[in-house]
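Q: Here it is, the structure in full.
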Amino acid sequence: MPDTPLPPPEPPFVHFDGVWLAYNDDLLAKNVFAVEDIHLKVRRGEFIAIVGPSGCGKSTFMKLTTGLKMPSMGRITIDGQPVNGPLKISGMAFQAPSLLPWRTTLDNVLLPLEIVEPYRSQFKDRRKEFEERAKKLLASVGLGGMEKKFPWELSGGMQQRASICRALIHEPKMLLLDEPFGALDAFTREELWCTLRDLWEAQQFNVILVTHDLRESVFLADTVYCMSKSPGRFVVQREIPIPRTRDLEVTYTREFTDIVHELRGHIGAMRKTGAAIHQ
Amino acid sequence: MTRRKKHLERWSPLLLLFAIVVVWEVITSGFGVSEFIFPSPSRIWEQTLEHKTVILGHAWRTYWVTMAGFGIAIVVGVLLGFLIGSSRLAYAAIYPLMTAFNALPKAAFVPILVVWFGIGIGPAILTAFLISFFPIMVNIATGLATLEPELEDVLRVLGAKRWDVLVKVGLPRSLPYFYGSLKVAITLAFVGTTVSEMTAANEGIGYLLIAAGSSMQMGLAFSGLLVVGLMAMVMYELFSWVERHTTAWAHRGSQG
């Protein structure tokens, strides 16, 4: 077809090719896997969310993606590179903000720069510059003026914002969030959805969000994956066609609630039967 | 009301001490208890003043010997704690042995130490060290071993080595445990020195206690005890002051 030559398809940013993981050799011998047969292709800059009942291997999936765990079988490539160890191109945040209480908010955010190269060796010389960058980042999530406060002087929502800043300070290509808003009240949570949305739209990094809040996943993600419980595998892949930029109002539309309802159906079916529904 | 309460709380140790002294005085002089059995506070005070240069000399000796042993205990305790707190293998290998060792009465080591080092400061310093390094070691190890796994993941994803995690997170995190353990360890160190001096020295408060006891100078023996208690208390307060001023973040609850 000579008229419309398609551009060569961009290779996926995150590529899981038949990935299985057993936590140790005993379990491997018994064929007990924490996650099995994961196939996943994520575009560069895509925001994906992974939902599923608790204990379904969502956190295991995170460990695989960051290179903290190696798959027992299969292959993972991220940004064209095979994963064989911790990737320095990602940042992580968890449900617990886990800020260091002896460091100010600013110093907490700067912590990754003291560890990850190339910033590490430049840290002393470029400290002023890095501090400016951290202050800007903090201001962008609404923590301007809080730099000198200690974490325990901040509210839970503020701590979580600082924790996300810490995950982003080294400008990672990929942000991994493990139920980051799980411990917050509903209003704070929705505020933080918007904060995360704005950060992502401004910087276009990849996000992998693990959550069990279906509304959260539909509001934020481009694609939602449902995971089944032990063994963990992806059973549903759902594109979210709601146009960007999404406003909180969107969560009250028919389209939005229909998608949430549909996903809820998949999860409910899994919980009932305990068995996987195959794609 | 609350201010009065605060004042009361602050002065309560002194008030209690005063009350005890008064009751003690009333009982001993009221019932005419012999000075050779149980001297009254006023009599102890008199004897303390009378022998103050002697007591001061012995107290100084006990003090610096204790501090020497305590200094070694800090170095060894921190190093061992660091080792077993940061390595699972070292923890598995060392901890049971250390627990067994800690169960031994340290006074039982004194005769052995005398054979090795002779009468004098050797056994006293070592007894103070042996008795006081254990809490320091355990506390450092606990502080290092109870790191939140999420935090470790956050750092390891960035390519942090074990050493980075230890220095950036483990050590600062174990500092409050460390200061807490110093308070316990310093009082133990005084016990170690005194016990050792009682049998293996010709100087120091321990020696003074034995000498006073054998010459029936009960007042002097009591003032010896008083001095050891006082020194331990002052050092304890010093370390808790240091603790409050260096690791305030760990005590924010009580400070408001």
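Identifiers for the structure tokens are assigned positionally: chains receive A, B, ... in sequence, residues are indexed from 1 per chain, and ligands are indexed from 1 in the order shown.
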Dump as a tab-separated table the rows for residues of chain B within 10 Å of chain A: closest atom pair and distance in Å with one decimal, only C-alpha atoms counted, ordered by chain and rising residue number.
A:
```
residue	atom	partner	partner_atom	distance
B:Glu148	CA	A:Ser98	CA	7.9
B:Pro149	CA	A:Ser98	CA	9.8
B:Glu150	CA	A:Phe94	CA	7.1
B:Leu151	CA	A:Ser98	CA	6.1
B:Glu152	CA	A:Ser98	CA	9.8
B:Asp153	CA	A:Leu68	CA	7.8
B:Val154	CA	A:Met92	CA	5.7
B:Leu155	CA	A:Pro112	CA	7.2
B:Arg156	CA	A:Pro86	CA	6.7
B:Val157	CA	A:Pro86	CA	5.0
B:Leu158	CA	A:Lys88	CA	4.7
B:Gly159	CA	A:Pro86	CA	5.8
B:Ala160	CA	A:Ile115	CA	6.0
B:Lys161	CA	A:Ile115	CA	8.8
B:Asp164	CA	A:Ile115	CA	7.4
B:Val165	CA	A:Ile115	CA	9.3
B:Lys168	CA	A:Leu111	CA	8.5
B:Val169	CA	A:Leu100	CA	7.6
B:Pro172	CA	A:Trp102	CA	7.6
B:Arg173	CA	A:Trp102	CA	8.2
B:Thr246	CA	A:Trp102	CA	9.9
B:Thr247	CA	A:Trp102	CA	7.7
B:Ala248	CA	A:Trp102	CA	8.5
B:Trp249	CA	A:Trp102	CA	5.9
B:Ala250	CA	A:Pro101	CA	7.7
B:Arg252	CA	A:Trp152	CA	8.6
```
Q: For the selection you just gave me, I'd like the residues written to a file as a PDB file, in the first residue's frame, keeping C-alpha atoms.
A:
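Done, and the output landed in again18.pdb:
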```
ATOM      1  CA  GLU B 148      10.486   0.110  57.321  1.00  0.00           C
ATOM      2  CA  PRO B 149      10.661  -2.157  54.248  1.00  0.00           C
ATOM      3  CA  GLU B 150       8.861   0.440  52.082  1.00  0.00           C
ATOM      4  CA  LEU B 151      11.508   3.002  52.827  1.00  0.00           C
ATOM      5  CA  GLU B 152      14.217   0.543  51.940  1.00  0.00           C
ATOM      6  CA  ASP B 153      12.449  -0.163  48.630  1.00  0.00           C
ATOM      7  CA  VAL B 154      12.163   3.545  47.857  1.00  0.00           C
ATOM      8  CA  LEU B 155      15.918   3.857  48.212  1.00  0.00           C
ATOM      9  CA  ARG B 156      16.873   0.573  46.579  1.00  0.00           C
ATOM     10  CA  VAL B 157      14.895   1.451  43.479  1.00  0.00           C
ATOM     11  CA  LEU B 158      17.223   4.413  43.137  1.00  0.00           C
ATOM     12  CA  GLY B 159      20.176   2.077  43.156  1.00  0.00           C
ATOM     13  CA  ALA B 160      21.100   2.632  46.803  1.00  0.00           C
ATOM     14  CA  LYS B 161      23.592   0.160  48.202  1.00  0.00           C
ATOM     15  CA  ASP B 164      23.670   4.067  51.650  1.00  0.00           C
ATOM     16  CA  VAL B 165      20.548   2.814  53.362  1.00  0.00           C
ATOM     17  CA  LYS B 168      21.143   7.779  55.323  1.00  0.00           C
ATOM     18  CA  VAL B 169      18.390   6.020  57.239  1.00  0.00           C
ATOM     19  CA  PRO B 172      19.974   8.459  62.205  1.00  0.00           C
ATOM     20  CA  ARG B 173      17.012   6.255  62.964  1.00  0.00           C
ATOM     21  CA  THR B 246      19.856  15.969  69.603  1.00  0.00           C
ATOM     22  CA  THR B 247      16.916  13.756  68.728  1.00  0.00           C
ATOM     23  CA  ALA B 248      13.964  15.968  69.536  1.00  0.00           C
ATOM     24  CA  TRP B 249      12.124  14.542  66.523  1.00  0.00           C
ATOM     25  CA  ALA B 250      11.772  11.230  68.318  1.00  0.00           C
ATOM     26  CA  ARG B 252       7.898  15.246  69.896  1.00  0.00           C
TER      27      ARG B 252
END
```
Q: Set the distance at 12 Å and use only C-alpha atoms: which residues neighbour B:Ala211 once local chain neighbours fewer than 3 positions away are removed? I'd like the list as a list in words.
A: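 So the residues in contact are Ile55, His58, Glu197, Met198, Thr199, Ala201, Asn202, Glu203, Gly204, Ile205, Gly206, Tyr207, Leu208, Ser214, Ser215, Met216, Gln217, Met218, Leu220, Ala221 and Gly224 of chain B.
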Q: Filtering to C-alpha atoms, could you give me those residues as a tab-separated table (two decimals), in the first residue's frame?
A:
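Full text of selection.tsv as output:
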```tsv
chain	number	residue	atom	x	y	z
B	55	ILE	CA	35.76	10.60	99.75
B	58	HIS	CA	37.97	7.87	95.91
B	197	GLU	CA	36.73	-2.10	93.36
B	198	MET	CA	35.27	-3.89	96.34
B	199	THR	CA	37.55	-6.87	95.82
B	201	ALA	CA	41.38	-2.32	94.13
B	202	ASN	CA	43.02	-0.18	96.76
B	203	GLU	CA	41.24	2.94	95.69
B	204	GLY	CA	37.79	4.00	94.62
B	205	ILE	CA	34.38	4.09	96.23
B	206	GLY	CA	34.08	0.28	96.19
B	207	TYR	CA	37.28	0.01	98.17
B	208	LEU	CA	36.08	2.78	100.52
B	214	SER	CA	35.37	-3.48	108.15
B	215	SER	CA	36.27	-0.62	110.50
B	216	MET	CA	32.61	-0.18	111.50
B	217	GLN	CA	32.44	3.36	110.10
B	218	MET	CA	28.87	2.98	108.94
B	220	LEU	CA	31.31	6.66	105.89
B	221	ALA	CA	30.01	3.54	104.13
B	224	GLY	CA	30.15	6.20	99.80
```
Q: Under the rule that only C-alpha atoms are counted, which of B:Gly213, B:Ser181, B:Met137, B:Val23 is the nearest residue to B:Ile84?
A: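 Answer, going by the shortest atom-to-atom distance: B:Met137.
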Q: Show me, as a list in words, the residues that have an atom within 8 Å of stretch 45-51 of chain A when counting only C-alpha atoms, minus same-chain residues fewer than 4 positions from it.
A: Lys58, Gln204, Phe205, Asn206, Val207, Ile208, Leu209, Val210, Thr211, His212, Asp213, Leu214, Ser217, Leu220, Ala221, Asp222, Thr223, Val224, Tyr225, Cys226 and Met227 of chain A
Q: Could you pull out the residues in stretch 81-260 of chain A that DSSP calls alpha helix (DSSP H) from the backbone, as a PyMOL selection string?
A: chain A and resi 105-110+119-122+127-140+156-168+186-203+214-220+254-260
Q: Mind giving me the straight-line distance from atom CA of B:Leu209 to atom CA of B:Ile136 in Å, one decimal?
A: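 Distance reported for this atom pair: 28.8 Å.
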Q: Could you pull the residues within 9 Å of B:Ala189, counting only C-alpha atoms, minus those fewer than 6 positions along the same chain, as a list in words?
A: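 The residues satisfying every condition are Thr66, Met67, Gly69, Phe70, Ala73, Ile125, Thr127, Ala128, Phe129, Leu130, Ile131, Ser132, Phe133 and Ala232 of chain B.
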Q: Let me see the file: selected residues, N, CA and C atoms, as a PDB file, in the first residue's frame.
A:
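Generated file (result.pdb):
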```
ATOM      1  N   THR B  66      35.142   4.546  85.700  1.00  0.00           N
ATOM      2  CA  THR B  66      33.847   4.226  85.092  1.00  0.00           C
ATOM      3  C   THR B  66      33.745   4.817  83.697  1.00  0.00           C
ATOM      4  N   MET B  67      34.171   6.070  83.552  1.00  0.00           N
ATOM      5  CA  MET B  67      34.064   6.710  82.244  1.00  0.00           C
ATOM      6  C   MET B  67      34.960   6.018  81.218  1.00  0.00           C
ATOM      7  N   GLY B  69      35.747   2.765  81.233  1.00  0.00           N
ATOM      8  CA  GLY B  69      35.048   1.531  80.863  1.00  0.00           C
ATOM      9  C   GLY B  69      33.845   1.816  79.984  1.00  0.00           C
ATOM     10  N   PHE B  70      33.153   2.886  80.307  1.00  0.00           N
ATOM     11  CA  PHE B  70      31.960   3.272  79.559  1.00  0.00           C
ATOM     12  C   PHE B  70      32.336   3.688  78.139  1.00  0.00           C
ATOM     13  N   ALA B  73      32.862   0.710  76.239  1.00  0.00           N
ATOM     14  CA  ALA B  73      31.558   0.073  76.007  1.00  0.00           C
ATOM     15  C   ALA B  73      30.835   0.735  74.842  1.00  0.00           C
ATOM     16  N   ILE B 125      37.961  -1.119  85.120  1.00  0.00           N
ATOM     17  CA  ILE B 125      37.569  -0.605  83.800  1.00  0.00           C
ATOM     18  C   ILE B 125      36.871  -1.697  83.005  1.00  0.00           C
ATOM     19  N   THR B 127      35.343  -4.446  84.076  1.00  0.00           N
ATOM     20  CA  THR B 127      34.027  -4.822  84.589  1.00  0.00           C
ATOM     21  C   THR B 127      32.987  -3.786  84.173  1.00  0.00           C
ATOM     22  N   ALA B 128      33.344  -2.510  84.290  1.00  0.00           N
ATOM     23  CA  ALA B 128      32.415  -1.458  83.860  1.00  0.00           C
ATOM     24  C   ALA B 128      32.059  -1.629  82.387  1.00  0.00           C
ATOM     25  N   PHE B 129      33.063  -1.953  81.595  1.00  0.00           N
ATOM     26  CA  PHE B 129      32.825  -2.168  80.161  1.00  0.00           C
ATOM     27  C   PHE B 129      31.918  -3.372  79.920  1.00  0.00           C
ATOM     28  N   LEU B 130      32.264  -4.509  80.561  1.00  0.00           N
ATOM     29  CA  LEU B 130      31.525  -5.745  80.296  1.00  0.00           C
ATOM     30  C   LEU B 130      30.046  -5.615  80.659  1.00  0.00           C
ATOM     31  N   ILE B 131      29.786  -4.874  81.719  1.00  0.00           N
ATOM     32  CA  ILE B 131      28.404  -4.799  82.190  1.00  0.00           C
ATOM     33  C   ILE B 131      27.584  -3.799  81.369  1.00  0.00           C
ATOM     34  N   SER B 132      28.249  -2.847  80.698  1.00  0.00           N
ATOM     35  CA  SER B 132      27.466  -1.767  80.093  1.00  0.00           C
ATOM     36  C   SER B 132      27.408  -1.775  78.574  1.00  0.00           C
ATOM     37  N   PHE B 133      28.180  -2.635  77.900  1.00  0.00           N
ATOM     38  CA  PHE B 133      28.122  -2.555  76.428  1.00  0.00           C
ATOM     39  C   PHE B 133      26.879  -3.217  75.862  1.00  0.00           C
ATOM     40  N   ALA B 232      26.026   8.680  89.371  1.00  0.00           N
ATOM     41  CA  ALA B 232      25.246   7.986  88.347  1.00  0.00           C
ATOM     42  C   ALA B 232      24.062   8.847  87.920  1.00  0.00           C
TER      43      ALA B 232
END
```
Q: Could you name the residues that touch A:Val250 at 12 Å or less, counting only C-alpha atoms, but leaving out those on the same chain fewer than 4 positions away, as a short mmCIF file (atom, residue, chain, number, x, y, z; two decimals) with N, CA and C atoms, in the first residue's frame?
A:
```
data_model
loop_
_atom_site.label_atom_id
_atom_site.label_comp_id
_atom_site.auth_asym_id
_atom_site.auth_seq_id
_atom_site.Cartn_x
_atom_site.Cartn_y
_atom_site.Cartn_z
N ARG A 215 -12.87 4.12 41.35
CA ARG A 215 -13.09 5.47 40.86
C ARG A 215 -11.76 6.16 40.60
N GLU A 216 -10.83 5.93 41.53
CA GLU A 216 -9.51 6.50 41.37
C GLU A 216 -8.85 6.03 40.08
N VAL A 218 -10.25 4.83 37.34
CA VAL A 218 -10.92 5.31 36.12
C VAL A 218 -10.67 6.80 35.92
N PHE A 219 -10.64 7.55 37.00
CA PHE A 219 -10.42 8.99 36.87
C PHE A 219 -9.02 9.30 36.35
N LEU A 220 -8.04 8.54 36.82
CA LEU A 220 -6.66 8.91 36.51
C LEU A 220 -6.07 8.21 35.28
N ILE A 242 -12.43 8.44 28.36
CA ILE A 242 -12.82 9.79 28.79
C ILE A 242 -11.71 10.77 28.39
N PRO A 243 -12.09 11.86 27.69
CA PRO A 243 -11.04 12.76 27.20
C PRO A 243 -10.32 13.49 28.33
N ARG A 244 -9.08 13.85 28.05
CA ARG A 244 -8.28 14.67 28.96
C ARG A 244 -8.57 16.12 28.64
N THR A 245 -8.33 17.05 29.48
CA THR A 245 -8.03 16.92 30.89
C THR A 245 -9.31 16.61 31.63
N ARG A 246 -9.25 15.63 32.51
CA ARG A 246 -10.46 15.25 33.22
C ARG A 246 -10.62 16.11 34.47
N ARG A 254 -22.51 9.85 33.61
CA ARG A 254 -23.00 8.51 33.33
C ARG A 254 -21.88 7.60 32.82
N GLU A 255 -21.12 8.16 31.85
CA GLU A 255 -20.05 7.40 31.22
C GLU A 255 -19.07 6.86 32.27
N PHE A 256 -18.69 7.76 33.20
CA PHE A 256 -17.73 7.40 34.24
C PHE A 256 -18.27 6.28 35.14
N THR A 257 -19.47 6.49 35.62
CA THR A 257 -20.01 5.50 36.56
C THR A 257 -20.26 4.17 35.86
N ASP A 258 -20.57 4.22 34.56
CA ASP A 258 -20.76 2.97 33.83
C ASP A 258 -19.47 2.15 33.80
N ILE A 259 -18.35 2.84 33.55
CA ILE A 259 -17.07 2.12 33.50
C ILE A 259 -16.74 1.55 34.88
#
```
Q: Please provide as number ranges by chain all residues within 12 Å of A:Phe234, with the sequence filter that same-chain residues fewer than 5 positions apart are discarded (counting only C-alpha atoms).
A: A: 16, 18-20, 35-40, 49-52, 56-58, 61, 224-229, 266-267, 270, 276-279
Q: If you run DSSP on this backbone, which residues of stretch 82-270 of chain A come out as strand (DSSP E or B), and could you give them as a list in words?
A: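 Put together, the selection reads Pro82, Ser90, Gly91, Met92, Ala93, Phe94, Met174, Leu175, Leu176, Leu177, Asp178, Asn206, Val207, Ile208, Leu209, Val210, Thr223, Val224, Tyr225, Cys226, Met227, Gly232, Phe234, Val235, Val236, Gln237, Arg238 and Glu239 of chain A.
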Q: So how many Å separate atom CA of A:Leu110 and atom CA of A:Arg189, to one decimal?
A: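 Separation of atom CA of A:Leu110 and atom CA of A:Arg189: 24.4 Å.
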Q: Could you state the separation of atom CA of A:Arg133 and atom CA of A:Ile169 in Å, given to one decimal place?
A: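 These two atoms are separated by 7.8 Å.
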